[in-house]
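Trainee: Next up is a structure, given as structure tokens.
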Amino acid sequence: MENRKISNKLSILNQLIIVMLFSLFYLGVADAIYASTETQGKNIAAQDTNREDAPGRKFAKQAVKREHRWITTDHSKHEALKKDFMSGYEITKACLSCHSEASSQFHKTIHWTWLASENGGNLDNKNISTQDNKKDRRYGKAGYSVNNFCISSNNMQDKACLSCHTGWNGKNGEVNCLKCHGMSTFNYKEAFEDIKAFAAETDDPESKEIMKEIQAEVKEAVGKIGLPQRNNCGECHFKGGGGDGVKHGDLDTSLIKPNRNLDVHMGVDGKNFTCTRCHTTTNHNIAGRIYTNPAVEINKSLLEDDLAPKITCVSCHSETPHKTASKMNDHTNKVACQSCHIPEFARVNPTKMSWDWSKAGKVKDGKPYSIVGDLGKDTYLSIKGEMIWEKNVKPKYFWSNGSQTSTTAVDVIDPSTVVKVSQPVGDMNDPNSRIFPFKLHKGKQPYDKVHKTLLAPLLSGEKGYWTTLNWDESIKIGNEMVGLPFSGEYDFVETTYVFPITHMVAPKEKALKCVECHINNSGRLEELTGFYMPGRDKASIIDSFGWLAVLASLAGVTLHGLGRFFTRNGNGKDK
Amino acid sequence: MSDNKIIKIYLYTKFERFWHWLQAAMIIILLITGIEIHGAFTLLGYETAVEVHNFIGLSWLILFAFFVFWLFTTGEWRQYIPTTKKLFSVIVYYSVGIFQGKPHPVQKSPGAKHNPLQRLTYLALSAMLLPIQMTTGVLYYTWNLWGGAAIPLLSAMPLLFVAILHTLVAFMLLSFLIVHVYMTTTGHSLFSHISGMITGWEEIYETTKVQEWELPARHK
């Protein structure tokens with residue numbers, strides 16, 4: 001017995017040490033195995049010993065290592081541009097004297113036609129003639145497309161809309177190359193109006209002098225030519241809908257000079273990308289979303305296809321961009337990168353979230369008036385109605401395959417519902433669909449009570465609503481311009497319009513935390529149902545049953561223990 | 001009965017104890033993190049909880065493989081063969097006899113470490129609950145690998161089913177844990193069973209003839 005006890009005591013210590021050593025060894029082995037489970041297969045990064053950067057970051061850094069693109073010509077030295085121009089058209093002619101195909105290329109693009117046929121506005125498709133494609137007016141600003149902002153361009157006859165068209169004279173005449181390639185913010189339109197006016201006064205030498213001066217300014221501006229910069233694209237795309245940040249929410253003038261906090265890629269203190277760094281171009285066709293055409297059809301890495309039509313997140317960051325063994329990589333086939341990496345949009349400038357046209361038309365003392373809200377933006381305008389602006393907006397999330405369907409001015413609507421003027425296309429069972437963030441803009445806009453269609457009132461100009469505040473007249477004229485009937489009876493219907501959120505990617509430390517979605521009741525994906533998401537979903541029957549079983553066990557052992565305590569077994573007699 | 005001397009026999013080998021306690025720790029950690037992931041409370045934070053849960057879960061698989069190997073190479077699997085012999089009397093003991101101070105109807109011995117009730121419980125645990133939990137866990141963890149169409153039969157099964165099963169078994173394991181821990185207090189003293197599982201030396205009454213080879217000297 002004595003012997004036994006000694007050996008016993010010794011072995012306790014002994015065994016504890018052994019157990020601890022074993023555990024340590026075991027955990028080490030387990031860790032190694034665990035770490036290697038996900039690094040196998042296609043993941044190249046595993047070979048790298050550098051564990052600082054996630055593979056996606058490293059790939060992307062390599063892809064853009066050479067930061068500067070260079071240009072082999074200085075347009076200010078070109079003879080063709082050293083002229084005294086009398087009109088914008090003459091400038092374009094000068095451009096075309098070298099870039100002979102530029103204009104005909106550009107005339108085929110959606111930037112010129114403002115039409116997006118079923119064919120996605122892809123006019124390079126040889127199966128469909130340009131003429132046929134142009135005739136398809138179903139989609140596009142110049143077609144039957146409407147939105148819930150300024151509603152319609154009225155077949156490009158609304159002058160206010162045309163300020164964004166890339167021509168010298170609306171949709172007529174030649175391309176204005178300088179809209180995209182002019183590096184100077186010079187106001188050509190004004191200059192040429194002045195030149196024309198002074199040129200008319202042929203007998204006044206002083207006028208001629210001033211004209212020469214203006215022409216010299218034009219000449220200097222025309223010499224500054226380059227690849228499109230942010231303010232070239234932004235002049236229209238940052239100000240779509242009639243003002244800064246009205247439409248997109250992830251595109252506004254704050255992106256002309258953003259810091260990397262606002263946009264890691266475009267930040268001037270970061271990678272300093274221009275728009276065209278991702279929106280690549282072939283024959284003046286610029287890659288991007290075109291109405292029915294998916295923004296991204298297949299997510300491809302540049303390793304697979306370095307001439308892919310558009311640079312997407314995956315192009316540079318790969319499909320498994322996060323650190324190896326990170327559960328985050330398991331999200332990428334169902335959740336778009338943007339969903340977590342753009343936590344909020346409109347982070348600097350506010351964006352319009354709602355536009356109620358039915359409230360328009362009120363006057364004070366017989367005059368239109370406006371109310372300015374907290375964010376310094378109009379929340380009421382007699383000519384536009386009631387508007388809501390917001391900053392730091394959390395996106396709405398929908399399944400999206402990259403394209404949107406839209407309700408055009410020829411589609412029949414159900415006015416008893418909220419009409420989805422544009423809506424993401426996608427399905428959780430579609431392998432090409434991802435959960436994608438959107439700005440959802442709510443609207444209330446006129447519709448035809450008889451034909452059950454959305455209407456296209458004319459807004460600007462003498463007969464437009466903004467001048468007359470008369471719906472009947474402006475709708476009648478507007479719909480005539482589009483070539484669609486109007487019964488004469490209108491009312492207002494609630495509508496929604498979506499914009500995919502893909503810009504303003506935040507630095508990685510600002511990406512969403514798990515519990516933004518993996519949480520019960522208050523998560524961002526609360527409205528997306530039909531699938532099980534850990535942390536959010538539970539089968540309440542199972543939970544109730546489970547907790548009941550646990551409670552029953554606790555109660556059982558407590559009672560049993562008390563029983564023992566108060567009976568012989570608890571009296572310690574056995575000991 | 002109380003006249004009988006209490007002796008100690010070496011019942012649980014080093015590996016057995018190592019496996020038991022490591023598995024115990026793992027199950028407890030898995031329960032805590034799992035229930036956190038399920039949304040019942042916040043302790044480690046969701047992300048850490050998931051990482052810990054996955055790491056421990058995968059580690060457990062490896063441990064369990066060693067356990068199965070040990071079980072079959074040592075023949076210890078026989079300890080898990082269910083029997084109805086004395087099963088009833090064990091149930092009667094725990095529900096009545098224990099309050100009357102009656103002795104346990106089944107003595108532990110190296111050839112029969114588990115009483116008939118334990119045999120049934122541990123068999124159900126080792127052969128059913130734990131494998132179900134591991135299988136559903138692995139399916140859960142690797143969902144993305146085959147969630148598409150790799151395995152037609154499995155891809156038809158929604159994650160919901162896997163998740164529900166995983167949750168259900170987790171609750172059953174928690175209930176087991178509670179009862180199991182309580183049952184350790186039913187030995188000669190409150191901690192005698194636990195110390196037996198730590199040292200390997202279990203206290204029993206000297207009723208059964210302890211064979212020479214079972215004595216501690218052999219296991220020094």
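Note on naming: chains are A, B, ... as they come in the structure tokens, residues start from 1 per chain, ligands start from 1 in the order shown.
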List every residue of chain B that DSSP, applied to the backbone of this structure, assigns to strand (DSSP E), and report them as a count of residues only.
Mentor: 10
Trainee: Find the residues near region 73-80 of chain B: any atom within 12 Å, counting only C-alpha atoms, skip ones fewer than 6 places away on the same chain, and give them as a list in words.
Mentor: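 Using only C-alpha atoms, the neighbours found are Leu11, Tyr12, Thr13, Phe15, Glu16, Phe66, Phe67, Lys108, Ser109, Pro110, Gly111, Ala112, Lys113, His114, Asn115, Pro116, Leu117, Gln118, Arg119, Leu120, Thr121, Tyr122, Leu123, Ala124, Leu125, Ser126 and Ala127 of chain B.
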Trainee: Residues of chain B near chain A: apply a cut-off of 7 Å, count only C-alpha atoms, and supply the list as a list in words.
Mentor: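 Those within range of chain A come out as Ser2, Phe18, Ile37, His38, Gly39, Tyr46, Glu47, Phe55, Ser59, Ile98, Phe99, Gln100, Gly101, Asn144, Leu159, Leu160, Ile164, Leu168, Phe171, Leu174, Ser175, Ile178, Val179, Tyr182, His188, Thr199, Pro216, Ala217 and Lys220 of chain B.
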Trainee: From the options B:Leu31, B:Ala25, B:Val138, B:Ile81, which residue's atoms come nearest to Leu58 (chain B), counting only C-alpha atoms?
Mentor: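 Going through B:Leu31, B:Ala25, B:Val138, B:Ile81 one by one, the smallest distance to Leu58 (chain B) is for B:Val138.
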Trainee: Give me the residues near Thr417 (chain A) as a list in words, where near means some atom within 9 Å (using only C-alpha atoms) and where sequence neighbours in that chain fewer than 3 positions away do not count.
Mentor: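 Near neighbours after the sequence-gap exclusion: Ile413, Asp414, Lys420, Val493, Glu494 and Thr495 of chain A.
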Trainee: Could you dump the residues just selected with C-alpha atoms as a short mmCIF file (atom, residue, chain, number, x, y, z; two decimals), in the first residue's frame?
Mentor:
data_model
loop_
_atom_site.label_atom_id
_atom_site.label_comp_id
_atom_site.auth_asym_id
_atom_site.auth_seq_id
_atom_site.Cartn_x
_atom_site.Cartn_y
_atom_site.Cartn_z
CA ILE A 413 -47.16 48.95 -64.78
CA ASP A 414 -49.31 48.04 -61.81
CA LYS A 420 -39.44 48.96 -59.91
CA VAL A 493 -46.96 56.31 -58.52
CA GLU A 494 -44.24 55.24 -56.12
CA THR A 495 -41.15 53.88 -57.82
#
Trainee: Taking only C-alpha atoms into account, name the residue in A:Thr282, A:Asn147, A:Gln215, A:Thr185 that is nearest to Gly88 (chain A).
Mentor: A:Gln215
Trainee: Counting only C-alpha atoms, what is within 12 Å of Gly137 (chain B), bar same-chain residues fewer than 2 positions away, as number ranges by chain?
Mentor: B: 30, 34, 53-61, 129-135, 139-143, 159, 161-167, 169-170
Trainee: Give me every alpha helix (DSSP H) residue in region 132-164 of chain A, going by DSSP on the backbone, as a compact mmCIF listing (two decimals) with C-alpha atoms, in the first residue's frame.
Mentor:
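Once everything was written out, this is selection.txt:
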# COMPACT_ATOMS: atom_id res chain seq x y z
CA ASP A 132 -30.92 47.96 -86.73
CA ASN A 133 -29.27 48.59 -83.46
CA LYS A 134 -29.96 52.28 -83.63
CA LYS A 135 -33.59 51.61 -84.37
CA LYS A 159 -31.93 70.76 -73.66
CA ALA A 160 -30.84 70.46 -70.03
CA CYS A 161 -29.95 66.81 -70.57
CA LEU A 162 -27.89 67.53 -73.63
Trainee: Env of Ser192 (chain B): 8 Å cut, atoms = only C-alpha atoms, seq-sep filter 6 positions within chain, self excluded. Answer as JSON, numbers by chain.
Mentor: {"B": [184, 185, 202, 203]}
Trainee: Could you work out how far CA of Ser76 (chain A) lies from CA of Ala102 (chain A), giving the answer in Å with one decimal?
Mentor: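 For CA of Ala102 (chain A) relative to CA of Ser76 (chain A), the distance reads 19.2 Å.
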Trainee: Can you pull out the residues contacting Met481 (chain A)? Cut-off 7 Å, using only C-alpha atoms, and skip same-chain residues under 4 positions away; I want them as a list in words.
Mentor: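 Selected residues are Asn154, Asn155 and Ile477 of chain A.
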Trainee: May I have the residues within 12 Å of Lys65 (chain A) as a list of chain:residue names, using only C-alpha atoms and disregarding those fewer than 6 positions away in the same chain?
Mentor: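 Near Lys65 (chain A), the qualifying residues are A:Arg57, A:Lys58, A:Phe59, A:Lys271, A:Cys316.
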Trainee: Those residues with C-alpha atoms, as a PDB file, in the first residue's frame please?
Mentor:
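Written output follows (selection.pdb):
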ATOM      1  CA  ARG A  57      -3.347  42.374 -51.997  1.00  0.00           C
ATOM      2  CA  LYS A  58      -0.060  41.035 -53.164  1.00  0.00           C
ATOM      3  CA  PHE A  59      -1.375  40.112 -56.602  1.00  0.00           C
ATOM      4  CA  LYS A 271      -2.926  54.210 -55.852  1.00  0.00           C
ATOM      5  CA  CYS A 316      -6.154  41.876 -59.883  1.00  0.00           C
TER       6      CYS A 316
END
